[in-house]
Amino acid sequence: MGILKAMLRAVVAASAVMISANASAQEPKHYRFAYDQPKTTGYGILGDIFSDRLKALSKGTMLIDQYPGAQLGQEPQVLQLVKAGDVEFCISSSANAATLSPQAGVMSMHFLFRSEAHLIKAIADPKVSEAVKAMIAETVQGGRVIALATLGLRSMYSKREIRKVEDVKGLKVRVQATPTEDTMFPAYGAQIVHMPFGSVYTSLQTGVVDVAENGVNVYLANKHYEVAPVLSMTEHEANNSLVWVSDKLWNSLTAEQQGWVQAAADEVNKNQPAKAIELEHQSQDKLKSIGVKVVTDVDKAGFTAISDPYLDKLARELGPHAEKIKNLVRAIN
């Protein structure tokens with residue numbers, strides 16, 4: 001009888017160990033997802049789509065912790081953290097991606113995206129997405145791109161109206177540090193100023209810059225209207241984003257887990273652009289309701305007359321990946 005009890009105890013103990021081991025194998029893992037805009041922007045929409053889908057696919061074993069508002073650093077710093085494997089996921093603008101892969105500057109070429117409808121279709125297009133992923137795979141080590149997204153089209157804001165290209169002549173404009181921006185704004189007659197996004201508010205306030213440019217929701221969410229109360233809808237370029245995963249994490253995942261991550265990213269690619277544009281429209285209504293002057297009748301013809309000849313030239317100078325992406329985007333109706 002004593003032997004039987006001892007055997008039963010041993011079986012129970014062994015079962016407990018197995019149950020415990022199995023439970024720990026299923027313990028959810030948390031991954032950091034960093035971005036520099038507030039959660040209320042299209043970046044938050046992106047983070048939620050990705051997080052919810054990954055949680056569902058992994059049955060709760062892969063959980064995303066979002067770090068919005070540059071909690072882990074501005075985009076250029078976070079990109080380096082992702083490459084080093086210290087942060088697992090991040091979002092970067094295509095302009096900041098161009099600091100690692102200059103050809104990514106193609107995504108912010110002026111008037112490449114003809115309208116919001118064209119932008120939604122282009123960013124959600126699998127061929128465009130695959131071409132960008134291939135470009136990053138060939139030119140960047142330490143991180144990979146798993147999805148594209150957008151925050152809509154970028155427009156200029158200032159203390160004054162910008163109704164035509166002549167209105168920016170001689171003005172100091174804060175631009176993203178890419179060859180595209182550095183070429184196009186001087187072509188319009190403006191002076192360019194580079195600075196981190198976090199410095200834009202005070203620079204507009206103090207007159208270090210006369211004009212900044214970004215998406216409508218970004219302008220609203222960061223309260224830039226307080227120091228630059230006139231938003232001129234130039235819609236000169238797209239506010240496109242890349243979703244990154246560190247190679248360190250990716251290479252540590254099983255094939256099944258990699259499949260879940262990519263499927264969650266595909267969900268972002270497909271659904272985030274339209275939701276982000278919807279948020280842009282809501283933001284414009286909100287800005288008007290609080291007294292911001294929104295100039296909608298900008299004469300874009302003057303801008304496009306200058307920018308159009310640069311499209312082919314800049315893409316060719318950036319490289320073959322950029323040229324391919326430009327051609328794919330332009331072919332979308």
# chains A, B, ... in the order shown; residues from 1 in each chain; ligands from 1
call {"tool": "closest_atom_pairs", "arguments": {"of": "range 276-324 of chain A", "to": "range 151-175 of chain A", "cutoff": "12 Å", "atoms": "only C-alpha atoms", "output": "JSON lines"}}
result
{"residue": "A:Ala276", "atom": "CA", "partner": "A:Leu151", "partner_atom": "CA", "distance": 5.5}
{"residue": "A:Ile277", "atom": "CA", "partner": "A:Gly152", "partner_atom": "CA", "distance": 5.5}
{"residue": "A:Glu278", "atom": "CA", "partner": "A:Gly152", "partner_atom": "CA", "distance": 9.1}
{"residue": "A:Leu279", "atom": "CA", "partner": "A:Leu151", "partner_atom": "CA", "distance": 8.7}
{"residue": "A:Glu280", "atom": "CA", "partner": "A:Gly152", "partner_atom": "CA", "distance": 6.8}
{"residue": "A:His281", "atom": "CA", "partner": "A:Gly152", "partner_atom": "CA", "distance": 9.8}
{"residue": "A:Ser283", "atom": "CA", "partner": "A:Gly152", "partner_atom": "CA", "distance": 11.5}
{"residue": "A:Gln284", "atom": "CA", "partner": "A:Ser155", "partner_atom": "CA", "distance": 11.7}
{"residue": "A:Val292", "atom": "CA", "partner": "A:Tyr157", "partner_atom": "CA", "distance": 10.5}
{"residue": "A:Lys293", "atom": "CA", "partner": "A:Glu161", "partner_atom": "CA", "distance": 8.7}
{"residue": "A:Val294", "atom": "CA", "partner": "A:Glu161", "partner_atom": "CA", "distance": 8.9}
{"residue": "A:Val295", "atom": "CA", "partner": "A:Glu161", "partner_atom": "CA", "distance": 7.1}
{"residue": "A:Thr296", "atom": "CA", "partner": "A:Arg163", "partner_atom": "CA", "distance": 8.5}
{"residue": "A:Asp297", "atom": "CA", "partner": "A:Arg163", "partner_atom": "CA", "distance": 6.9}
{"residue": "A:Val298", "atom": "CA", "partner": "A:Arg163", "partner_atom": "CA", "distance": 4.4}
{"residue": "A:Asp299", "atom": "CA", "partner": "A:Lys164", "partner_atom": "CA", "distance": 5.1}
{"residue": "A:Lys300", "atom": "CA", "partner": "A:Lys164", "partner_atom": "CA", "distance": 6.9}
{"residue": "A:Ala301", "atom": "CA", "partner": "A:Lys164", "partner_atom": "CA", "distance": 8.4}
{"residue": "A:Gly302", "atom": "CA", "partner": "A:Val165", "partner_atom": "CA", "distance": 5.7}
{"residue": "A:Phe303", "atom": "CA", "partner": "A:Val165", "partner_atom": "CA", "distance": 5.6}
{"residue": "A:Thr304", "atom": "CA", "partner": "A:Val165", "partner_atom": "CA", "distance": 9.4}
{"residue": "A:Ala305", "atom": "CA", "partner": "A:Val165", "partner_atom": "CA", "distance": 9.9}
{"residue": "A:Ile306", "atom": "CA", "partner": "A:Val165", "partner_atom": "CA", "distance": 9.2}
{"residue": "A:Ser307", "atom": "CA", "partner": "A:Val165", "partner_atom": "CA", "distance": 11.0}
call {"tool": "residues_around", "arguments": {"residues": "Cys90 in chain A", "least_positions_apart": "3", "cutoff": "8 Å", "atoms": "only C-alpha atoms", "output": "list in words"}}
result
Phe33, Ala34, Tyr35, Val78, Leu79, Val82, Val87, Val243, Trp244 and Val245 of chain A
call {"tool": "write_last_selection", "arguments": {"atoms": "C-alpha atoms", "output": "PDB file, in the first residue's frame"}}
result
ATOM      1  CA  PHE A  33       6.781  48.637 -30.400  1.00  0.00           C
ATOM      2  CA  ALA A  34       8.108  52.211 -30.557  1.00  0.00           C
ATOM      3  CA  TYR A  35       6.977  55.274 -32.509  1.00  0.00           C
ATOM      4  CA  VAL A  78      14.856  54.060 -32.406  1.00  0.00           C
ATOM      5  CA  LEU A  79      15.872  52.734 -35.822  1.00  0.00           C
ATOM      6  CA  VAL A  82      15.929  48.111 -33.646  1.00  0.00           C
ATOM      7  CA  VAL A  87      13.814  47.295 -29.449  1.00  0.00           C
ATOM      8  CA  VAL A 243       7.081  49.105 -40.022  1.00  0.00           C
ATOM      9  CA  TRP A 244      10.333  47.493 -38.867  1.00  0.00           C
ATOM     10  CA  VAL A 245      11.246  44.362 -36.924  1.00  0.00           C
TER      11      VAL A 245
END
call {"tool": "residues_around", "arguments": {"residues": "Lys324 in chain A", "least_positions_apart": "4", "cutoff": "12 Å", "atoms": "only C-alpha atoms", "output": "PyMOL selection string"}}
result
chain A and resi 103-104+106-107+127-132+134-135+312+315-316+318-320+328-331
call {"tool": "write_last_selection", "arguments": {"atoms": "N, CA, C and O atoms", "output": "CSV table (one decimal), in the first residue's frame"}}
result
chain,number,residue,atom,x,y,z
A,103,GLN,N,17.6,55.1,-50.8
A,103,GLN,CA,16.5,54.9,-51.9
A,103,GLN,C,15.1,55.0,-51.3
A,103,GLN,O,14.2,55.2,-52.1
A,104,ALA,N,15.0,54.9,-50.0
A,104,ALA,CA,13.6,55.0,-49.4
A,104,ALA,C,13.1,56.4,-49.6
A,104,ALA,O,11.9,56.7,-49.4
A,106,VAL,N,12.4,57.8,-52.1
A,106,VAL,CA,11.4,57.8,-53.2
A,106,VAL,C,10.0,57.9,-52.7
A,106,VAL,O,9.1,58.5,-53.3
A,107,MET,N,9.7,57.4,-51.5
A,107,MET,CA,8.4,57.4,-50.9
A,107,MET,C,7.9,58.8,-50.5
A,107,MET,O,6.8,59.0,-50.3
A,127,LYS,N,2.3,44.8,-54.5
A,127,LYS,CA,3.6,44.9,-55.3
A,127,LYS,C,4.4,46.1,-54.8
A,127,LYS,O,5.7,45.9,-54.8
A,128,VAL,N,3.8,47.2,-54.4
A,128,VAL,CA,4.6,48.3,-53.9
A,128,VAL,C,5.3,47.9,-52.6
A,128,VAL,O,6.4,48.2,-52.3
A,129,SER,N,4.5,47.3,-51.7
A,129,SER,CA,5.0,46.8,-50.4
A,129,SER,C,6.2,45.8,-50.6
A,129,SER,O,7.2,46.0,-49.9
A,130,GLU,N,6.0,44.9,-51.5
A,130,GLU,CA,7.1,43.9,-51.7
A,130,GLU,C,8.4,44.6,-52.3
A,130,GLU,O,9.5,44.2,-51.9
A,131,ALA,N,8.2,45.6,-53.1
A,131,ALA,CA,9.3,46.3,-53.7
A,131,ALA,C,10.1,47.1,-52.6
A,131,ALA,O,11.3,47.1,-52.6
A,132,VAL,N,9.4,47.7,-51.7
A,132,VAL,CA,10.0,48.4,-50.6
A,132,VAL,C,10.7,47.4,-49.6
A,132,VAL,O,11.9,47.6,-49.2
A,134,ALA,N,12.0,44.5,-50.4
A,134,ALA,CA,13.2,44.1,-51.2
A,134,ALA,C,14.3,45.1,-51.1
A,134,ALA,O,15.5,44.8,-50.9
A,135,MET,N,13.9,46.4,-51.2
A,135,MET,CA,14.9,47.5,-51.2
A,135,MET,C,15.6,47.5,-49.8
A,135,MET,O,16.9,47.5,-49.7
A,312,ASP,N,11.4,61.8,-62.3
A,312,ASP,CA,12.2,60.7,-63.0
A,312,ASP,C,13.7,60.9,-62.6
A,312,ASP,O,14.4,59.9,-62.3
A,315,ALA,N,14.4,59.8,-58.9
A,315,ALA,CA,14.3,58.4,-58.7
A,315,ALA,C,15.5,57.7,-59.3
A,315,ALA,O,16.1,56.7,-58.8
A,316,ARG,N,15.9,58.1,-60.5
A,316,ARG,CA,17.1,57.6,-61.2
A,316,ARG,C,18.3,57.7,-60.4
A,316,ARG,O,19.1,56.8,-60.2
A,318,LEU,N,18.5,58.2,-57.2
A,318,LEU,CA,18.5,57.4,-55.9
A,318,LEU,C,18.9,55.9,-56.1
A,318,LEU,O,19.6,55.4,-55.3
A,319,GLY,N,18.5,55.4,-57.3
A,319,GLY,CA,18.9,54.0,-57.6
A,319,GLY,C,17.8,53.1,-58.1
A,319,GLY,O,16.6,53.5,-58.2
A,320,PRO,N,18.1,51.9,-58.5
A,320,PRO,CA,17.2,51.0,-59.2
A,320,PRO,C,15.9,50.7,-58.4
A,320,PRO,O,14.8,50.6,-59.0
A,328,LEU,N,6.0,51.7,-60.1
A,328,LEU,CA,4.8,51.0,-59.6
A,328,LEU,C,3.8,51.9,-59.1
A,328,LEU,O,2.6,51.7,-59.4
A,329,VAL,N,4.2,52.9,-58.4
A,329,VAL,CA,3.2,53.9,-57.8
A,329,VAL,C,2.5,54.7,-58.9
A,329,VAL,O,1.3,54.8,-58.9
A,330,ARG,N,3.3,55.1,-59.9
A,330,ARG,CA,2.7,55.9,-61.0
A,330,ARG,C,1.7,55.1,-61.8
A,330,ARG,O,0.8,55.7,-62.4
A,331,ALA,N,1.9,53.8,-61.9
A,331,ALA,CA,1.1,53.0,-62.7
A,331,ALA,C,-0.3,52.7,-62.1
A,331,ALA,O,-1.2,52.2,-62.8
call {"tool": "select_by_dssp", "arguments": {"residues": "range 166-305 of chain A", "states": "alpha helix (DSSP H)", "output": "MDAnalysis selection string"}}
result
chainID A and resid 179:187 200:206 216:221 247:252 255:289 300:305
call {"tool": "atom_distance", "arguments": {"atom1": "CA of Leu54 in chain A", "atom2": "CA of Leu72 in chain A"}}
result
21.8 Å
call {"tool": "select_by_dssp", "arguments": {"residues": "range 202-256 of chain A", "states": "strand (DSSP E)", "output": "PDB file with all heavy atoms, in the first residue's frame"}}
result
ATOM      1  N   VAL A 211       8.027  78.100 -41.562  1.00  0.00           N
ATOM      2  CA  VAL A 211       7.053  77.121 -42.054  1.00  0.00           C
ATOM      3  C   VAL A 211       7.496  75.722 -41.637  1.00  0.00           C
ATOM      4  O   VAL A 211       8.698  75.428 -41.618  1.00  0.00           O
ATOM      5  CB  VAL A 211       6.966  77.162 -43.609  1.00  0.00           C
ATOM      6  CG1 VAL A 211       5.915  76.191 -44.139  1.00  0.00           C
ATOM      7  CG2 VAL A 211       6.695  78.571 -44.112  1.00  0.00           C
ATOM      8  N   ALA A 212       6.527  74.869 -41.309  1.00  0.00           N
ATOM      9  CA  ALA A 212       6.791  73.435 -41.168  1.00  0.00           C
ATOM     10  C   ALA A 212       5.780  72.719 -42.052  1.00  0.00           C
ATOM     11  O   ALA A 212       4.856  73.345 -42.591  1.00  0.00           O
ATOM     12  CB  ALA A 212       6.678  72.995 -39.724  1.00  0.00           C
ATOM     13  N   GLU A 213       5.955  71.419 -42.221  1.00  0.00           N
ATOM     14  CA  GLU A 213       5.012  70.682 -43.064  1.00  0.00           C
ATOM     15  C   GLU A 213       4.858  69.278 -42.515  1.00  0.00           C
ATOM     16  O   GLU A 213       5.824  68.665 -42.066  1.00  0.00           O
ATOM     17  CB  GLU A 213       5.449  70.694 -44.531  1.00  0.00           C
ATOM     18  CG  GLU A 213       6.905  70.376 -44.818  1.00  0.00           C
ATOM     19  CD  GLU A 213       7.157  68.892 -44.943  1.00  0.00           C
ATOM     20  OE1 GLU A 213       6.500  68.228 -45.741  1.00  0.00           O
ATOM     21  OE2 GLU A 213       8.046  68.388 -44.216  1.00  0.00           O
ATOM     22  N   ASN A 214       3.592  68.825 -42.490  1.00  0.00           N
ATOM     23  CA  ASN A 214       3.316  67.485 -41.979  1.00  0.00           C
ATOM     24  C   ASN A 214       1.867  67.135 -42.308  1.00  0.00           C
ATOM     25  O   ASN A 214       1.166  67.904 -42.959  1.00  0.00           O
ATOM     26  CB  ASN A 214       3.572  67.416 -40.474  1.00  0.00           C
ATOM     27  CG  ASN A 214       4.240  66.099 -40.075  1.00  0.00           C
ATOM     28  OD1 ASN A 214       3.751  65.022 -40.426  1.00  0.00           O
ATOM     29  ND2 ASN A 214       5.352  66.178 -39.378  1.00  0.00           N
ATOM     30  N   VAL A 230      -2.106  78.809 -39.380  1.00  0.00           N
ATOM     31  CA  VAL A 230      -2.643  78.733 -40.743  1.00  0.00           C
ATOM     32  C   VAL A 230      -2.120  77.452 -41.417  1.00  0.00           C
ATOM     33  O   VAL A 230      -0.910  77.267 -41.570  1.00  0.00           O
ATOM     34  CB  VAL A 230      -2.236  79.963 -41.597  1.00  0.00           C
ATOM     35  CG1 VAL A 230      -2.881  79.875 -42.986  1.00  0.00           C
ATOM     36  CG2 VAL A 230      -2.634  81.268 -40.902  1.00  0.00           C
ATOM     37  N   LEU A 231      -3.054  76.583 -41.785  1.00  0.00           N
ATOM     38  CA  LEU A 231      -2.711  75.329 -42.465  1.00  0.00           C
ATOM     39  C   LEU A 231      -3.073  75.460 -43.932  1.00  0.00           C
ATOM     40  O   LEU A 231      -4.238  75.637 -44.280  1.00  0.00           O
ATOM     41  CB  LEU A 231      -3.488  74.168 -41.830  1.00  0.00           C
ATOM     42  CG  LEU A 231      -3.384  72.803 -42.507  1.00  0.00           C
ATOM     43  CD1 LEU A 231      -1.959  72.268 -42.464  1.00  0.00           C
ATOM     44  CD2 LEU A 231      -4.346  71.802 -41.863  1.00  0.00           C
ATOM     45  N   SER A 232      -2.070  75.414 -44.796  1.00  0.00           N
ATOM     46  CA  SER A 232      -2.282  75.543 -46.245  1.00  0.00           C
ATOM     47  C   SER A 232      -2.165  74.163 -46.884  1.00  0.00           C
ATOM     48  O   SER A 232      -1.104  73.531 -46.825  1.00  0.00           O
ATOM     49  CB  SER A 232      -1.257  76.511 -46.844  1.00  0.00           C
ATOM     50  OG  SER A 232      -1.354  77.781 -46.216  1.00  0.00           O
ATOM     51  N   MET A 233      -3.245  73.698 -47.508  1.00  0.00           N
ATOM     52  CA  MET A 233      -3.320  72.317 -47.996  1.00  0.00           C
ATOM     53  C   MET A 233      -2.563  72.144 -49.326  1.00  0.00           C
ATOM     54  O   MET A 233      -3.143  71.930 -50.385  1.00  0.00           O
ATOM     55  CB  MET A 233      -4.784  71.896 -48.134  1.00  0.00           C
ATOM     56  CG  MET A 233      -5.568  71.966 -46.827  1.00  0.00           C
ATOM     57  SD  MET A 233      -4.885  70.902 -45.523  1.00  0.00           S
ATOM     58  CE  MET A 233      -5.278  69.285 -46.202  1.00  0.00           C
ATOM     59  N   THR A 234      -1.244  72.209 -49.216  1.00  0.00           N
ATOM     60  CA  THR A 234      -0.397  72.018 -50.396  1.00  0.00           C
ATOM     61  C   THR A 234      -0.380  70.553 -50.832  1.00  0.00           C
ATOM     62  O   THR A 234      -0.195  70.273 -52.019  1.00  0.00           O
ATOM     63  CB  THR A 234       1.043  72.487 -50.102  1.00  0.00           C
ATOM     64  OG1 THR A 234       1.495  71.846 -48.901  1.00  0.00           O
ATOM     65  CG2 THR A 234       1.108  73.994 -49.924  1.00  0.00           C
ATOM     66  N   GLU A 235      -0.519  69.632 -49.870  1.00  0.00           N
ATOM     67  CA  GLU A 235      -0.542  68.189 -50.158  1.00  0.00           C
ATOM     68  C   GLU A 235       0.583  67.795 -51.122  1.00  0.00           C
ATOM     69  O   GLU A 235       0.381  67.063 -52.085  1.00  0.00           O
ATOM     70  CB  GLU A 235      -1.914  67.781 -50.717  1.00  0.00           C
ATOM     71  CG  GLU A 235      -3.036  68.012 -49.724  1.00  0.00           C
ATOM     72  CD  GLU A 235      -4.405  67.543 -50.200  1.00  0.00           C
ATOM     73  OE1 GLU A 235      -4.695  67.707 -51.407  1.00  0.00           O
ATOM     74  OE2 GLU A 235      -5.176  67.032 -49.379  1.00  0.00           O
ATOM     75  N   HIS A 236       1.778  68.310 -50.827  1.00  0.00           N
ATOM     76  CA  HIS A 236       2.900  68.180 -51.758  1.00  0.00           C
ATOM     77  C   HIS A 236       3.574  66.812 -51.728  1.00  0.00           C
ATOM     78  O   HIS A 236       4.260  66.438 -52.679  1.00  0.00           O
ATOM     79  CB  HIS A 236       3.943  69.272 -51.483  1.00  0.00           C
ATOM     80  CG  HIS A 236       4.355  69.337 -50.048  1.00  0.00           C
ATOM     81  ND1 HIS A 236       3.639  70.051 -49.104  1.00  0.00           N
ATOM     82  CD2 HIS A 236       5.392  68.772 -49.389  1.00  0.00           C
ATOM     83  CE1 HIS A 236       4.234  69.925 -47.920  1.00  0.00           C
ATOM     84  NE2 HIS A 236       5.287  69.147 -48.071  1.00  0.00           N
ATOM     85  N   GLU A 237       3.417  66.098 -50.636  1.00  0.00           N
ATOM     86  CA  GLU A 237       4.018  64.754 -50.605  1.00  0.00           C
ATOM     87  C   GLU A 237       3.278  63.884 -49.614  1.00  0.00           C
ATOM     88  O   GLU A 237       2.486  64.369 -48.799  1.00  0.00           O
ATOM     89  CB  GLU A 237       5.504  64.808 -50.226  1.00  0.00           C
ATOM     90  CG  GLU A 237       5.768  65.149 -48.778  1.00  0.00           C
ATOM     91  CD  GLU A 237       7.251  65.109 -48.432  1.00  0.00           C
ATOM     92  OE1 GLU A 237       7.966  66.064 -48.737  1.00  0.00           O
ATOM     93  OE2 GLU A 237       7.670  64.113 -47.838  1.00  0.00           O
ATOM     94  N   ALA A 238       3.530  62.584 -49.685  1.00  0.00           N
ATOM     95  CA  ALA A 238       2.865  61.646 -48.780  1.00  0.00           C
ATOM     96  C   ALA A 238       3.663  61.485 -47.494  1.00  0.00           C
ATOM     97  O   ALA A 238       4.889  61.580 -47.491  1.00  0.00           O
ATOM     98  CB  ALA A 238       2.699  60.303 -49.471  1.00  0.00           C
ATOM     99  N   ASN A 239       2.926  61.260 -46.427  1.00  0.00           N
ATOM    100  CA  ASN A 239       3.514  61.041 -45.102  1.00  0.00           C
ATOM    101  C   ASN A 239       3.602  59.530 -44.886  1.00  0.00           C
ATOM    102  O   ASN A 239       2.834  58.967 -44.101  1.00  0.00           O
ATOM    103  CB  ASN A 239       2.578  61.667 -44.058  1.00  0.00           C
ATOM    104  CG  ASN A 239       3.338  62.313 -42.927  1.00  0.00           C
ATOM    105  OD1 ASN A 239       4.551  62.446 -42.970  1.00  0.00           O
ATOM    106  ND2 ASN A 239       2.630  62.716 -41.897  1.00  0.00           N
ATOM    107  N   ASN A 240       4.491  58.889 -45.591  1.00  0.00           N
ATOM    108  CA  ASN A 240       4.522  57.425 -45.570  1.00  0.00           C
ATOM    109  C   ASN A 240       5.432  56.870 -44.475  1.00  0.00           C
ATOM    110  O   ASN A 240       6.382  57.517 -44.049  1.00  0.00           O
ATOM    111  CB  ASN A 240       4.956  56.891 -46.933  1.00  0.00           C
ATOM    112  CG  ASN A 240       3.907  57.155 -47.990  1.00  0.00           C
ATOM    113  OD1 ASN A 240       2.718  57.214 -47.689  1.00  0.00           O
ATOM    114  ND2 ASN A 240       4.321  57.342 -49.224  1.00  0.00           N
ATOM    115  N   SER A 241       5.106  55.656 -44.047  1.00  0.00           N
ATOM    116  CA  SER A 241       5.808  55.027 -42.922  1.00  0.00           C
ATOM    117  C   SER A 241       6.175  53.589 -43.256  1.00  0.00           C
ATOM    118  O   SER A 241       5.497  52.930 -44.057  1.00  0.00           O
ATOM    119  CB  SER A 241       4.911  55.014 -41.676  1.00  0.00           C
ATOM    120  OG  SER A 241       4.190  56.200 -41.553  1.00  0.00           O
ATOM    121  N   LEU A 242       7.226  53.124 -42.606  1.00  0.00           N
ATOM    122  CA  LEU A 242       7.651  51.728 -42.724  1.00  0.00           C
ATOM    123  C   LEU A 242       7.585  51.093 -41.336  1.00  0.00           C
ATOM    124  O   LEU A 242       7.926  51.729 -40.339  1.00  0.00           O
ATOM    125  CB  LEU A 242       9.094  51.647 -43.239  1.00  0.00           C
ATOM    126  CG  LEU A 242       9.346  51.815 -44.737  1.00  0.00           C
ATOM    127  CD1 LEU A 242       8.895  53.184 -45.239  1.00  0.00           C
ATOM    128  CD2 LEU A 242      10.844  51.636 -45.054  1.00  0.00           C
ATOM    129  N   VAL A 243       7.113  49.850 -41.281  1.00  0.00           N
ATOM    130  CA  VAL A 243       7.081  49.105 -40.022  1.00  0.00           C
ATOM    131  C   VAL A 243       8.266  48.144 -40.014  1.00  0.00           C
ATOM    132  O   VAL A 243       8.418  47.343 -40.940  1.00  0.00           O
ATOM    133  CB  VAL A 243       5.756  48.319 -39.866  1.00  0.00           C
ATOM    134  CG1 VAL A 243       5.707  47.627 -38.504  1.00  0.00           C
ATOM    135  CG2 VAL A 243       4.558  49.257 -40.024  1.00  0.00           C
ATOM    136  N   TRP A 244       9.084  48.251 -38.957  1.00  0.00           N
ATOM    137  CA  TRP A 244      10.333  47.493 -38.867  1.00  0.00           C
ATOM    138  C   TRP A 244      10.272  46.443 -37.766  1.00  0.00           C
ATOM    139  O   TRP A 244       9.624  46.651 -36.739  1.00  0.00           O
ATOM    140  CB  TRP A 244      11.494  48.429 -38.527  1.00  0.00           C
ATOM    141  CG  TRP A 244      11.803  49.487 -39.528  1.00  0.00           C
ATOM    142  CD1 TRP A 244      11.117  50.659 -39.747  1.00  0.00           C
ATOM    143  CD2 TRP A 244      12.906  49.496 -40.453  1.00  0.00           C
ATOM    144  NE1 TRP A 244      11.716  51.392 -40.741  1.00  0.00           N
ATOM    145  CE2 TRP A 244      12.822  50.706 -41.194  1.00  0.00           C
ATOM    146  CE3 TRP A 244      13.957  48.614 -40.713  1.00  0.00           C
ATOM    147  CZ2 TRP A 244      13.739  51.052 -42.178  1.00  0.00           C
ATOM    148  CZ3 TRP A 244      14.872  48.951 -41.700  1.00  0.00           C
ATOM    149  CH2 TRP A 244      14.761  50.159 -42.420  1.00  0.00           C
ATOM    150  N   VAL A 245      10.989  45.345 -37.981  1.00  0.00           N
ATOM    151  CA  VAL A 245      11.246  44.362 -36.924  1.00  0.00           C
ATOM    152  C   VAL A 245      12.755  44.137 -36.885  1.00  0.00           C
ATOM    153  O   VAL A 245      13.433  44.166 -37.921  1.00  0.00           O
ATOM    154  CB  VAL A 245      10.489  43.037 -37.187  1.00  0.00           C
ATOM    155  CG1 VAL A 245      10.898  42.400 -38.515  1.00  0.00           C
ATOM    156  CG2 VAL A 245      10.724  42.037 -36.051  1.00  0.00           C
ATOM    157  N   SER A 246      13.277  43.938 -35.688  1.00  0.00           N
ATOM    158  CA  SER A 246      14.727  43.703 -35.593  1.00  0.00           C
ATOM    159  C   SER A 246      15.062  42.300 -36.109  1.00  0.00           C
ATOM    160  O   SER A 246      14.302  41.347 -35.895  1.00  0.00           O
ATOM    161  CB  SER A 246      15.201  43.853 -34.145  1.00  0.00           C
ATOM    162  OG  SER A 246      14.844  42.722 -33.385  1.00  0.00           O
TER     163      SER A 246
END
call {"tool": "atom_distance", "arguments": {"atom1": "CA of Lys275 in chain A", "atom2": "CA of Asp52 in chain A"}}
result
15.5 Å
call {"tool": "atom_distance", "arguments": {"atom1": "CA of Gln66 in chain A", "atom2": "CA of Gly47 in chain A"}}
result
6.9 Å
call {"tool": "residues_around", "arguments": {"residues": "Lys39 in chain A", "least_positions_apart": "3", "cutoff": "10 Å", "atoms": "only C-alpha atoms", "output": "NGL selection string"}}
result
:A and (35-36 or 42-48 or 66-69 or 221)
call {"tool": "closest_residue", "arguments": {"among": "A:Glu267, A:Glu75, A:Asp247, A:Glu27", "to": "Gly198 in chain A", "atoms": "only C-alpha atoms"}}
result
A:Glu75
call {"tool": "closest_residue", "arguments": {"among": "A:Ser94, A:Ala177, A:Ala149, A:Pro38", "to": "Lys223 in chain A", "atoms": "only C-alpha atoms"}}
result
A:Pro38
call {"tool": "closest_residue", "arguments": {"among": "A:Ile146, A:Val193, A:Leu220, A:Ile91", "to": "Ile290 in chain A", "atoms": "only C-alpha atoms"}}
result
A:Leu220
